[in-house]
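Peer 1: My questions all concern the structure below.
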Amino acid sequence: KEGDLEPLERFAEKSAKNLVEAVNERKKIDLAKFIFALGMPNVGERTSLDLARNFGSIESLQKATLEELEAIHDIGKIVARSVREWFKDSYNKKLLKRLLERVEIKNVSKSIGTKLKGKKFVLTGSLKSMTREEAKEKIIALGGEVVGSVSKNTDFVVAGKDPGSKYERAKQLGVKTLDEKEFWELLKN
């Protein structure tokens, strides 16, 4: 609380208020990021996003059957079993209960765009109008995929300021590069 921080050295009322607001803001977390942060075996970032989109809330995911989990594209028996077993574990149940008392989960819409479906993007350099994480979220929300390295299977490289070796690799392979303005146009159209 603000009152707890103000007596500390270099914590005036305004800085204490700003710190408390920043901590409270971090208590709001996107469902996909929350699922990923739980550290379930075999559940990576992309699978977490698929689970969030298919179930919409942590409560729905907890109740999911093996059949419902396996029905999701790219989730097989091993991942489905990992998810079910994670939620059945007594330690994990207690952990989840404590976490849910401390954070606010932003549930997601179950709908997913298809505009960029099947397209692979690489992000490089710094963008002016958004963070790379925000750009990644926009791509994924439209059905695209963000990968870490450039290959002949990459569809687009979004190059911000000081793009580095990924940009050079894209030029070598003839992969389409987009500057930030072109990227925005692609997202809009």
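Residue numbering restarts at 1 in every chain; chains get A, B, ... in the order shown in the structure tokens, and ligands count up from 1 in that same order.
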Using only C-alpha atoms, which protein or nucleic acid residues come within 10 Å of A:Phe121? Drop anything in the same chain fewer than 4 positions from it, and give the result as a list in words.

Peer 2: Leu116, Lys136, Ile139, Ile140, Gly144, Glu145, Val146, Val147, Gly148, Ser149, Val150, Asn153, Thr154, Asp155, Phe156, Val157, Val158, Lys176 and Thr177 of chain A

Peer 1: If we count only C-alpha atoms and set the cut-off at 10 Å, which residues sit around A:Gly143, ignoring sequence neighbours fewer than 6 positions away in its own chain? Please answer as a PyMOL selection string.

Peer 2: chain A and resi 112-120+137

Peer 1: Which value, in Å to one decimal, gives the distance between atom CA of A:Asn92 and atom CA of A:Gly39?

Peer 2: 10.4 Å

Peer 1: DSSP on the backbone, then: every residue of stretch 6-157 of chain A marked alpha helix (DSSP H), written as number ranges by chain.

Peer 2: A: 13-26, 31-37, 45-55, 58-63, 66-70, 77-88, 90-102, 132-141

Peer 1: Near A:Asp179, counting only C-alpha atoms, which residues have an atom at most 8 Å away, once you skip same-chain residues fewer than 3 positions from it, shown as a PyMOL selection string?

Peer 2: chain A and resi 158-160+182-183

Peer 1: Generate a file of the selected residues that holds N, CA and C atoms, formatted as a CSV table (one decimal), in the first residue's frame.

Peer 2:
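Dumped everything to selection-v3.csv:
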```csv
chain,number,residue,atom,x,y,z
A,158,VAL,N,8.9,-8.4,-40.4
A,158,VAL,CA,8.5,-7.0,-40.1
A,158,VAL,C,9.7,-6.4,-39.5
A,159,ALA,N,10.3,-5.4,-40.2
A,159,ALA,CA,11.5,-4.8,-39.8
A,159,ALA,C,11.3,-3.3,-39.2
A,160,GLY,N,11.6,-3.2,-38.0
A,160,GLY,CA,11.6,-1.9,-37.3
A,160,GLY,C,13.0,-1.2,-37.4
A,182,GLU,N,3.9,-0.5,-43.7
A,182,GLU,CA,3.4,-1.6,-44.5
A,182,GLU,C,2.7,-2.7,-43.7
A,183,PHE,N,3.3,-2.9,-42.5
A,183,PHE,CA,2.8,-3.8,-41.5
A,183,PHE,C,1.4,-3.4,-41.1
```

Peer 1: Tell me, as a list in words, which residues lie within 9 Å of stretch 55-71 of chain A, counting only C-alpha atoms; anything in the same chain fewer than 4 positions away does not count.

Peer 2: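 Result of the neighbour search: Leu31, Phe34, Ile35, Asp50, Leu51, Ile75, Gly76, Lys77, Val79, Ala80, Arg81, Val83, Arg84, Phe87, Lys88, Ile105, Lys106, Asn107, Val108, Ser109 and Lys110 of chain A.
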
Peer 1: Mind checking DSSP for chain A and telling me the strand (DSSP E) residues as a list in words?

Peer 2: Lys28, Ile29, Asp30, Glu104, Ile105, Lys106, Lys120, Phe121, Val122, Leu123, Thr124, Glu145, Val146, Phe156, Val157, Val158, Ala159, Lys176, Thr177 and Leu178 of chain A

Peer 1: Counting only C-alpha atoms, what is within 10 Å of A:Leu38, bar same-chain residues fewer than 3 positions away, as a ChimeraX atom specification?

Peer 2: /A:33-35,41,43,48,86,92,95-96,99

Peer 1: One decimal, in Å: what's the spacing between atom CA of A:Asn42 and atom CA of A:Lys166?

Peer 2: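 Separating atom CA of A:Asn42 from atom CA of A:Lys166 is a distance of 28.0 Å.
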
Peer 1: Go through A:Gly174, A:Lys28, A:Ser165, A:Glu180 one by one, measure the shortest atom-to-atom distance of each to A:Glu101 using only C-alpha atoms, and give the residue with the smallest value.

Peer 2: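 Of A:Gly174, A:Lys28, A:Ser165, A:Glu180, the one nearest A:Glu101 is A:Lys28, counting only C-alpha atoms.
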